[in-house]
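Q: If it helps, the file is called run_30.cif and holds mmCIF, N, CA and C atoms:
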```
data_data
#
loop_
_atom_site.label_atom_id
_atom_site.label_comp_id
_atom_site.auth_asym_id
_atom_site.auth_seq_id
_atom_site.Cartn_x
_atom_site.Cartn_y
_atom_site.Cartn_z
N MET A 1 121.31 139.07 32.45
CA MET A 1 121.68 138.31 33.62
C MET A 1 120.44 138.14 34.49
N LYS A 2 120.27 136.94 35.01
CA LYS A 2 119.13 136.67 35.89
C LYS A 2 119.60 136.64 37.34
N PHE A 3 118.74 137.18 38.21
CA PHE A 3 119.04 137.22 39.64
C PHE A 3 117.81 136.80 40.43
N MET A 4 118.06 136.15 41.55
CA MET A 4 117.02 135.81 42.52
C MET A 4 117.31 136.63 43.77
N VAL A 5 116.29 137.32 44.26
CA VAL A 5 116.41 138.04 45.52
C VAL A 5 115.55 137.31 46.53
N LEU A 6 116.20 136.86 47.61
CA LEU A 6 115.52 136.13 48.68
C LEU A 6 115.41 137.05 49.89
N VAL A 7 114.21 137.20 50.42
CA VAL A 7 113.99 138.06 51.58
C VAL A 7 113.87 137.18 52.81
N LYS A 8 114.75 137.44 53.78
CA LYS A 8 114.79 136.64 55.00
C LYS A 8 114.45 137.48 56.21
N GLY A 9 113.76 136.87 57.14
CA GLY A 9 113.42 137.55 58.39
C GLY A 9 112.92 136.53 59.39
N ALA A 10 112.66 137.00 60.60
CA ALA A 10 112.12 136.12 61.63
C ALA A 10 110.70 135.72 61.25
N GLU A 11 110.42 134.45 61.40
CA GLU A 11 109.09 133.96 61.00
C GLU A 11 107.98 134.49 61.90
N ASN A 12 108.30 134.82 63.13
CA ASN A 12 107.28 135.27 64.07
C ASN A 12 107.11 136.79 64.06
N SER A 13 107.47 137.44 62.96
CA SER A 13 107.35 138.91 62.85
C SER A 13 105.91 139.37 62.73
N GLY A 14 105.01 138.47 62.39
CA GLY A 14 103.63 138.85 62.16
C GLY A 14 103.43 139.29 60.73
N PRO A 15 102.20 139.59 60.37
CA PRO A 15 101.93 140.01 58.99
C PRO A 15 102.50 141.41 58.72
N PRO A 16 102.96 141.64 57.50
CA PRO A 16 103.47 142.96 57.16
C PRO A 16 102.37 144.00 57.17
N PRO A 17 102.70 145.24 57.49
CA PRO A 17 101.70 146.31 57.48
C PRO A 17 101.14 146.54 56.08
N LYS A 18 99.89 146.96 56.02
CA LYS A 18 99.23 147.22 54.74
C LYS A 18 99.99 148.27 53.93
N GLU A 19 100.51 149.29 54.59
CA GLU A 19 101.26 150.34 53.90
C GLU A 19 102.48 149.77 53.17
N LEU A 20 103.14 148.81 53.81
CA LEU A 20 104.30 148.16 53.18
C LEU A 20 103.85 147.37 51.96
N MET A 21 102.80 146.59 52.11
CA MET A 21 102.32 145.77 50.99
C MET A 21 101.86 146.65 49.83
N ASP A 22 101.24 147.79 50.12
CA ASP A 22 100.83 148.73 49.07
C ASP A 22 102.06 149.29 48.34
N ALA A 23 103.10 149.65 49.10
CA ALA A 23 104.32 150.19 48.50
C ALA A 23 105.03 149.12 47.66
N ILE A 24 105.04 147.89 48.15
CA ILE A 24 105.65 146.78 47.39
C ILE A 24 104.87 146.53 46.11
N ALA A 25 103.56 146.64 46.17
CA ALA A 25 102.73 146.44 44.97
C ALA A 25 103.08 147.47 43.90
N ILE A 26 103.28 148.70 44.30
CA ILE A 26 103.65 149.76 43.34
C ILE A 26 105.02 149.47 42.74
N LEU A 27 105.98 149.10 43.59
CA LEU A 27 107.33 148.77 43.12
C LEU A 27 107.29 147.58 42.17
N SER A 28 106.50 146.56 42.50
CA SER A 28 106.38 145.37 41.67
C SER A 28 105.74 145.68 40.32
N GLU A 29 104.69 146.50 40.33
CA GLU A 29 104.03 146.89 39.07
C GLU A 29 105.02 147.60 38.15
N GLU A 30 105.86 148.44 38.73
CA GLU A 30 106.87 149.15 37.96
C GLU A 30 107.87 148.15 37.33
N ALA A 31 108.34 147.19 38.14
CA ALA A 31 109.32 146.21 37.66
C ALA A 31 108.72 145.28 36.61
N VAL A 32 107.47 144.88 36.79
CA VAL A 32 106.80 144.05 35.78
C VAL A 32 106.59 144.87 34.51
N GLY A 33 106.18 146.10 34.68
CA GLY A 33 105.91 146.99 33.54
C GLY A 33 107.14 147.25 32.69
N ASN A 34 108.31 147.38 33.33
CA ASN A 34 109.53 147.63 32.54
C ASN A 34 110.23 146.33 32.13
N GLY A 35 109.61 145.19 32.47
CA GLY A 35 110.11 143.90 32.00
C GLY A 35 111.27 143.32 32.79
N THR A 36 111.61 143.90 33.95
CA THR A 36 112.74 143.36 34.71
C THR A 36 112.34 142.26 35.70
N MET A 37 111.12 142.32 36.26
CA MET A 37 110.70 141.28 37.20
C MET A 37 110.03 140.15 36.43
N LEU A 38 110.59 138.95 36.59
CA LEU A 38 110.07 137.78 35.92
C LEU A 38 109.05 137.02 36.74
N ASN A 39 109.23 137.05 38.08
CA ASN A 39 108.39 136.26 38.96
C ASN A 39 108.63 136.73 40.39
N SER A 40 107.65 136.58 41.25
CA SER A 40 107.83 136.90 42.67
C SER A 40 106.74 136.22 43.47
N GLY A 41 106.96 136.14 44.77
CA GLY A 41 105.93 135.56 45.62
C GLY A 41 106.37 135.47 47.07
N GLY A 42 105.39 135.28 47.91
CA GLY A 42 105.64 135.02 49.32
C GLY A 42 105.61 133.52 49.56
N LEU A 43 106.25 133.08 50.62
CA LEU A 43 106.32 131.65 50.92
C LEU A 43 105.51 131.33 52.17
N ALA A 44 104.92 130.14 52.18
CA ALA A 44 104.13 129.68 53.32
C ALA A 44 105.03 129.53 54.55
N PRO A 45 104.45 129.61 55.74
CA PRO A 45 105.23 129.43 56.97
C PRO A 45 105.84 128.03 57.04
N THR A 46 106.90 127.91 57.84
CA THR A 46 107.57 126.60 57.95
C THR A 46 106.64 125.53 58.55
N ALA A 47 105.62 125.94 59.29
CA ALA A 47 104.68 124.96 59.83
C ALA A 47 103.97 124.20 58.72
N GLN A 48 103.91 124.78 57.52
CA GLN A 48 103.26 124.13 56.38
C GLN A 48 104.29 123.55 55.40
N SER A 49 105.54 123.51 55.80
CA SER A 49 106.62 123.10 54.91
C SER A 49 107.17 121.73 55.27
N THR A 50 107.94 121.17 54.35
CA THR A 50 108.60 119.88 54.54
C THR A 50 110.02 119.99 54.01
N ARG A 51 110.96 119.38 54.73
CA ARG A 51 112.35 119.31 54.28
C ARG A 51 112.69 117.87 53.94
N VAL A 52 113.36 117.71 52.82
CA VAL A 52 113.89 116.41 52.43
C VAL A 52 115.41 116.56 52.45
N ARG A 53 116.08 115.80 53.29
CA ARG A 53 117.51 115.99 53.54
C ARG A 53 118.27 114.68 53.34
N VAL A 54 119.47 114.81 52.80
CA VAL A 54 120.41 113.69 52.74
C VAL A 54 121.59 114.07 53.63
N SER A 55 121.89 113.25 54.61
CA SER A 55 123.01 113.49 55.51
C SER A 55 123.58 112.15 55.95
N GLY A 56 124.88 112.00 55.80
CA GLY A 56 125.52 110.74 56.18
C GLY A 56 124.99 109.56 55.40
N GLY A 57 124.57 109.81 54.16
CA GLY A 57 124.04 108.74 53.33
C GLY A 57 122.60 108.36 53.64
N LYS A 58 121.98 109.04 54.59
CA LYS A 58 120.61 108.73 54.99
C LYS A 58 119.67 109.83 54.51
N LEU A 59 118.54 109.45 53.95
CA LEU A 59 117.53 110.39 53.49
C LEU A 59 116.43 110.48 54.53
N THR A 60 116.08 111.72 54.91
CA THR A 60 115.00 111.92 55.87
C THR A 60 114.02 112.95 55.33
N VAL A 61 112.77 112.80 55.74
CA VAL A 61 111.71 113.74 55.39
C VAL A 61 111.14 114.25 56.71
N VAL A 62 111.18 115.58 56.90
CA VAL A 62 110.73 116.17 58.15
C VAL A 62 109.72 117.27 57.84
N ASP A 63 108.56 117.19 58.49
CA ASP A 63 107.56 118.24 58.35
C ASP A 63 107.86 119.38 59.32
N GLY A 64 107.53 120.61 58.92
CA GLY A 64 107.74 121.78 59.76
C GLY A 64 106.72 121.85 60.87
N PRO A 65 106.87 122.79 61.76
CA PRO A 65 107.86 123.85 61.76
C PRO A 65 109.24 123.34 62.15
N PHE A 66 110.25 124.12 61.80
CA PHE A 66 111.63 123.73 62.04
C PHE A 66 112.18 124.60 63.15
N THR A 67 112.34 124.02 64.32
CA THR A 67 112.72 124.80 65.51
C THR A 67 114.09 125.44 65.40
N GLU A 68 114.99 124.87 64.60
CA GLU A 68 116.34 125.43 64.51
C GLU A 68 116.40 126.66 63.61
N SER A 69 115.31 127.02 62.95
CA SER A 69 115.29 128.16 62.04
C SER A 69 115.09 129.47 62.80
N LYS A 70 116.12 130.33 62.78
CA LYS A 70 115.98 131.65 63.38
C LYS A 70 115.46 132.63 62.34
N GLU A 71 115.97 132.51 61.12
CA GLU A 71 115.50 133.31 60.00
C GLU A 71 115.00 132.37 58.92
N VAL A 72 113.96 132.78 58.26
CA VAL A 72 113.42 131.98 57.17
C VAL A 72 113.27 132.85 55.93
N ILE A 73 113.25 132.21 54.78
CA ILE A 73 112.98 132.92 53.54
C ILE A 73 111.48 133.12 53.46
N GLY A 74 111.07 134.37 53.47
CA GLY A 74 109.65 134.69 53.46
C GLY A 74 109.11 135.03 52.09
N GLY A 75 110.01 135.35 51.16
CA GLY A 75 109.58 135.70 49.82
C GLY A 75 110.76 135.76 48.87
N TYR A 76 110.44 135.89 47.61
CA TYR A 76 111.48 135.91 46.58
C TYR A 76 111.01 136.74 45.39
N ALA A 77 111.96 137.14 44.58
CA ALA A 77 111.66 137.78 43.31
C ALA A 77 112.77 137.40 42.34
N GLN A 78 112.40 137.19 41.10
CA GLN A 78 113.35 136.82 40.05
C GLN A 78 113.37 137.94 39.02
N PHE A 79 114.58 138.36 38.65
CA PHE A 79 114.74 139.50 37.75
C PHE A 79 115.65 139.18 36.57
N GLU A 80 115.44 139.88 35.48
CA GLU A 80 116.35 139.90 34.33
C GLU A 80 116.91 141.31 34.30
N LEU A 81 118.22 141.44 34.58
CA LEU A 81 118.85 142.75 34.72
C LEU A 81 120.16 142.81 33.94
N LYS A 82 120.70 144.01 33.81
CA LYS A 82 121.94 144.20 33.06
C LYS A 82 123.18 143.91 33.89
N SER A 83 123.06 144.02 35.23
CA SER A 83 124.24 143.85 36.08
C SER A 83 123.83 143.47 37.50
N LYS A 84 124.82 142.98 38.24
CA LYS A 84 124.58 142.70 39.65
C LYS A 84 124.30 143.99 40.41
N GLN A 85 124.97 145.06 40.03
CA GLN A 85 124.75 146.34 40.70
C GLN A 85 123.29 146.78 40.59
N GLU A 86 122.69 146.53 39.44
CA GLU A 86 121.27 146.85 39.28
C GLU A 86 120.42 146.04 40.25
N ALA A 87 120.79 144.78 40.48
CA ALA A 87 120.09 143.93 41.45
C ALA A 87 120.26 144.47 42.87
N VAL A 88 121.47 144.87 43.20
CA VAL A 88 121.74 145.43 44.52
C VAL A 88 120.94 146.72 44.73
N ASP A 89 120.93 147.59 43.74
CA ASP A 89 120.18 148.84 43.84
C ASP A 89 118.69 148.57 44.06
N GLY A 90 118.15 147.59 43.35
CA GLY A 90 116.74 147.24 43.52
C GLY A 90 116.45 146.68 44.90
N ALA A 91 117.36 145.84 45.41
CA ALA A 91 117.18 145.26 46.74
C ALA A 91 117.24 146.35 47.82
N VAL A 92 118.13 147.31 47.64
CA VAL A 92 118.22 148.43 48.59
C VAL A 92 116.90 149.20 48.59
N ARG A 93 116.38 149.47 47.43
CA ARG A 93 115.09 150.19 47.31
C ARG A 93 113.97 149.41 48.00
N PHE A 94 113.95 148.10 47.79
CA PHE A 94 112.93 147.23 48.39
C PHE A 94 113.06 147.23 49.92
N MET A 95 114.29 147.10 50.41
CA MET A 95 114.50 147.05 51.87
C MET A 95 114.24 148.41 52.52
N GLU A 96 114.45 149.50 51.77
CA GLU A 96 114.11 150.83 52.29
C GLU A 96 112.61 150.92 52.59
N LEU A 97 111.80 150.27 51.76
CA LEU A 97 110.36 150.25 52.02
C LEU A 97 110.06 149.56 53.36
N HIS A 98 110.77 148.46 53.64
CA HIS A 98 110.59 147.77 54.92
C HIS A 98 110.98 148.69 56.09
N ARG A 99 112.10 149.38 55.93
CA ARG A 99 112.57 150.27 56.99
C ARG A 99 111.56 151.40 57.24
N LYS A 100 110.98 151.91 56.17
CA LYS A 100 110.04 153.02 56.29
C LYS A 100 108.68 152.59 56.84
N TYR A 101 108.15 151.48 56.33
CA TYR A 101 106.78 151.10 56.65
C TYR A 101 106.64 150.01 57.72
N TRP A 102 107.77 149.40 58.15
CA TRP A 102 107.69 148.36 59.17
C TRP A 102 108.79 148.57 60.19
N PRO A 103 108.72 149.69 60.94
CA PRO A 103 109.75 149.98 61.94
C PRO A 103 109.91 148.81 62.91
N GLY A 104 111.15 148.49 63.21
CA GLY A 104 111.42 147.40 64.14
C GLY A 104 111.61 146.06 63.48
N TRP A 105 111.24 145.93 62.21
CA TRP A 105 111.43 144.66 61.50
C TRP A 105 112.91 144.50 61.18
N ASP A 106 113.42 143.31 61.40
CA ASP A 106 114.81 142.99 61.06
C ASP A 106 114.81 141.90 60.01
N GLY A 107 115.61 142.08 58.99
CA GLY A 107 115.70 141.07 57.95
C GLY A 107 116.75 141.47 56.94
N GLU A 108 116.84 140.67 55.90
CA GLU A 108 117.83 140.93 54.85
C GLU A 108 117.33 140.42 53.52
N ALA A 109 117.91 140.97 52.47
CA ALA A 109 117.66 140.50 51.12
C ALA A 109 118.97 139.92 50.60
N GLU A 110 118.93 138.69 50.16
CA GLU A 110 120.11 138.03 49.60
C GLU A 110 119.95 137.98 48.09
N ILE A 111 120.98 138.40 47.38
CA ILE A 111 120.95 138.47 45.91
C ILE A 111 121.83 137.35 45.37
N ARG A 112 121.25 136.49 44.54
CA ARG A 112 122.01 135.38 43.96
C ARG A 112 121.78 135.36 42.45
N GLN A 113 122.87 135.28 41.71
CA GLN A 113 122.73 135.17 40.25
C GLN A 113 122.22 133.78 39.92
N ILE A 114 121.37 133.70 38.92
CA ILE A 114 120.81 132.43 38.46
C ILE A 114 121.55 132.02 37.20
N PHE A 115 122.04 130.79 37.19
CA PHE A 115 122.71 130.25 36.01
C PHE A 115 121.81 129.21 35.38
N GLY A 116 121.49 129.41 34.12
CA GLY A 116 120.65 128.47 33.39
C GLY A 116 121.47 127.62 32.45
N PRO A 117 120.81 126.78 31.66
CA PRO A 117 121.51 125.90 30.72
C PRO A 117 122.44 126.65 29.77
N GLU A 118 122.01 127.84 29.33
CA GLU A 118 122.85 128.61 28.42
C GLU A 118 124.16 129.04 29.07
N ASP A 119 124.13 129.28 30.38
CA ASP A 119 125.35 129.65 31.11
C ASP A 119 126.30 128.46 31.23
N CYS A 120 125.75 127.28 31.45
CA CYS A 120 126.58 126.07 31.52
C CYS A 120 127.25 125.80 30.18
N ALA A 121 126.51 125.96 29.09
CA ALA A 121 127.06 125.75 27.76
C ALA A 121 128.19 126.74 27.48
N GLN A 122 127.99 127.99 27.88
CA GLN A 122 129.02 129.02 27.69
C GLN A 122 130.27 128.68 28.50
N HIS A 123 130.08 128.20 29.74
CA HIS A 123 131.21 127.83 30.60
C HIS A 123 132.00 126.68 29.98
N ILE A 124 131.32 125.68 29.45
CA ILE A 124 132.00 124.54 28.80
C ILE A 124 132.76 125.02 27.59
N LYS A 125 132.15 125.90 26.80
CA LYS A 125 132.80 126.44 25.62
C LYS A 125 134.07 127.20 26.00
N GLN A 126 134.02 128.00 27.07
CA GLN A 126 135.20 128.74 27.52
C GLN A 126 136.31 127.80 27.98
N GLN A 127 135.95 126.71 28.65
CA GLN A 127 136.96 125.76 29.13
C GLN A 127 137.67 125.09 27.95
N LYS A 128 136.94 124.81 26.88
CA LYS A 128 137.53 124.14 25.72
C LYS A 128 138.50 125.05 25.00
N THR A 129 138.26 126.37 25.01
CA THR A 129 139.12 127.30 24.29
C THR A 129 140.29 127.78 25.16
N ALA A 130 140.25 127.46 26.45
CA ALA A 130 141.32 127.92 27.36
C ALA A 130 142.55 127.05 27.27
#
```
The structure given in the file should be rewritten as structure tokens.
A:
Amino acid sequence: MKFMVLVKGAENSGPPPKELMDAIAILSEEAVGNGTMLNSGGLAPTAQSTRVRVSGGKLTVVDGPFTESKEVIGGYAQFELKSKQEAVDGAVRFMELHRKYWPGWDGEAEIRQIFGPEDCAQHIKQQKTA
């Protein structure tokens, strides 16, 4: 099963402490080494971002920063795991590092299962046999 973990927090939190980044590097090396982490990265600030939106049949392109954003996705990681619980356990471990090394930081990790083409094919197959 594939999962995406999205880390959200206030954009104006400032740069993360070096101790946190060092601890994340160790955690990431472990996950890459055991083959569970497929990809990860930090995201540029909204000031460097662009949104393409369709609303009311109208398409708009807006450059950042986006004033209505209270929380932004600051980073992500993609995993291949055996269960959702394994993803939750990993996210808890990751967020514990934030609590330990970045006191006062507020944020969250959102865990979303990723469905690929093989999952769509399986879903169609199940519908035909139902």
Q: Report, in Å to a single decimal, how far apart atom CA of A:Val7 and atom CA of A:Leu38 are.
A: 16.1 Å
Q: On this structure, which residues satisfy the PyMOL selection byres (((chain A and resi 19 and name CA) around 12) and name CA), written as a PyMOL selection string?
A: chain A and resi 15-18+20-26+97-103
Q: What residues come out when you apply the PyMOL selection byres ((chain A and resi 70-72) around 6.5) to this file, written as a list of chain:residue names?
A: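 Applying the PyMOL selection byres ((chain A and resi 70-72) around 6.5) to the structure shown produces A:Val7, A:Lys8, A:Gly9, A:Ala10, A:Glu11, A:Thr67, A:Glu68, A:Ser69, A:Ile73, A:Gly74, A:Gly75.
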Q: Restricting it to N, CA and C atoms, dump the selection as a compact mmCIF listing (two decimals), in the frame of the given file.
A:
```txt
# COMPACT_ATOMS: atom_id res chain seq x y z
N VAL A 7 114.21 137.20 50.42
CA VAL A 7 113.99 138.06 51.58
C VAL A 7 113.87 137.18 52.81
N LYS A 8 114.75 137.44 53.78
CA LYS A 8 114.79 136.64 55.00
C LYS A 8 114.45 137.48 56.21
N GLY A 9 113.76 136.87 57.14
CA GLY A 9 113.42 137.55 58.39
C GLY A 9 112.92 136.53 59.39
N ALA A 10 112.66 137.00 60.60
CA ALA A 10 112.12 136.12 61.63
C ALA A 10 110.70 135.72 61.25
N GLU A 11 110.42 134.45 61.40
CA GLU A 11 109.09 133.96 61.00
C GLU A 11 107.98 134.49 61.90
N THR A 67 112.34 124.02 64.32
CA THR A 67 112.72 124.80 65.51
C THR A 67 114.09 125.44 65.40
N GLU A 68 114.99 124.87 64.60
CA GLU A 68 116.34 125.43 64.51
C GLU A 68 116.40 126.66 63.61
N SER A 69 115.31 127.02 62.95
CA SER A 69 115.29 128.16 62.04
C SER A 69 115.09 129.47 62.80
N ILE A 73 113.25 132.21 54.78
CA ILE A 73 112.98 132.92 53.54
C ILE A 73 111.48 133.12 53.46
N GLY A 74 111.07 134.37 53.47
CA GLY A 74 109.65 134.69 53.46
C GLY A 74 109.11 135.03 52.09
N GLY A 75 110.01 135.35 51.16
CA GLY A 75 109.58 135.70 49.82
C GLY A 75 110.76 135.76 48.87
```
Q: Can you pull out every residue within 6 Å of A:Ser83, counting only N, CA and C atoms, but drop anything in the same chain fewer than 3 positions away, and send it as a count of residues only?
A: 3
Q: Apply the PyMOL selection byres ((chain A and resi 45) around 8) to the file shown and report the selected residues as a PDB file with N, CA and C atoms, in the frame of the given file.
A:
```
ATOM      1  N   GLU A  11     110.420 134.450  61.400  1.00  0.00           N
ATOM      2  CA  GLU A  11     109.090 133.960  61.000  1.00  0.00           C
ATOM      3  C   GLU A  11     107.980 134.490  61.900  1.00  0.00           C
ATOM      4  N   GLY A  42     105.390 135.280  47.910  1.00  0.00           N
ATOM      5  CA  GLY A  42     105.640 135.020  49.320  1.00  0.00           C
ATOM      6  C   GLY A  42     105.610 133.520  49.560  1.00  0.00           C
ATOM      7  N   LEU A  43     106.250 133.080  50.620  1.00  0.00           N
ATOM      8  CA  LEU A  43     106.320 131.650  50.920  1.00  0.00           C
ATOM      9  C   LEU A  43     105.510 131.330  52.170  1.00  0.00           C
ATOM     10  N   ALA A  44     104.920 130.140  52.180  1.00  0.00           N
ATOM     11  CA  ALA A  44     104.130 129.680  53.320  1.00  0.00           C
ATOM     12  C   ALA A  44     105.030 129.530  54.550  1.00  0.00           C
ATOM     13  N   THR A  46     106.900 127.910  57.840  1.00  0.00           N
ATOM     14  CA  THR A  46     107.570 126.600  57.950  1.00  0.00           C
ATOM     15  C   THR A  46     106.640 125.530  58.550  1.00  0.00           C
ATOM     16  N   ALA A  47     105.620 125.940  59.290  1.00  0.00           N
ATOM     17  CA  ALA A  47     104.680 124.960  59.830  1.00  0.00           C
ATOM     18  C   ALA A  47     103.970 124.200  58.720  1.00  0.00           C
ATOM     19  N   GLN A  48     103.910 124.780  57.520  1.00  0.00           N
ATOM     20  CA  GLN A  48     103.260 124.130  56.380  1.00  0.00           C
ATOM     21  C   GLN A  48     104.290 123.550  55.400  1.00  0.00           C
ATOM     22  N   SER A  49     105.540 123.510  55.800  1.00  0.00           N
ATOM     23  CA  SER A  49     106.620 123.100  54.910  1.00  0.00           C
ATOM     24  C   SER A  49     107.170 121.730  55.270  1.00  0.00           C
ATOM     25  N   THR A  50     107.940 121.170  54.350  1.00  0.00           N
ATOM     26  CA  THR A  50     108.600 119.880  54.540  1.00  0.00           C
ATOM     27  C   THR A  50     110.020 119.990  54.010  1.00  0.00           C
ATOM     28  N   GLY A  64     107.530 120.610  58.920  1.00  0.00           N
ATOM     29  CA  GLY A  64     107.740 121.780  59.760  1.00  0.00           C
ATOM     30  C   GLY A  64     106.720 121.850  60.870  1.00  0.00           C
ATOM     31  N   PRO A  65     106.870 122.790  61.760  1.00  0.00           N
ATOM     32  CA  PRO A  65     107.860 123.850  61.760  1.00  0.00           C
ATOM     33  C   PRO A  65     109.240 123.340  62.150  1.00  0.00           C
ATOM     34  N   PHE A  66     110.250 124.120  61.800  1.00  0.00           N
ATOM     35  CA  PHE A  66     111.630 123.730  62.040  1.00  0.00           C
ATOM     36  C   PHE A  66     112.180 124.600  63.150  1.00  0.00           C
ATOM     37  N   GLY A  74     111.070 134.370  53.470  1.00  0.00           N
ATOM     38  CA  GLY A  74     109.650 134.690  53.460  1.00  0.00           C
ATOM     39  C   GLY A  74     109.110 135.030  52.090  1.00  0.00           C
TER      40      GLY A  74
END
```
Q: Using all atoms listed in the file, pick whichever of A:Val54, A:Met37, A:Ala121, A:Leu59 has the shortest atom-to-atom distance to A:Gln78.
A: A:Met37
Q: Out of chain A, which residues get strand (DSSP E or B) from DSSP, as a PyMOL selection string?
A: chain A and resi 2-9+37-42+50-55+58-63+72-80+107-114
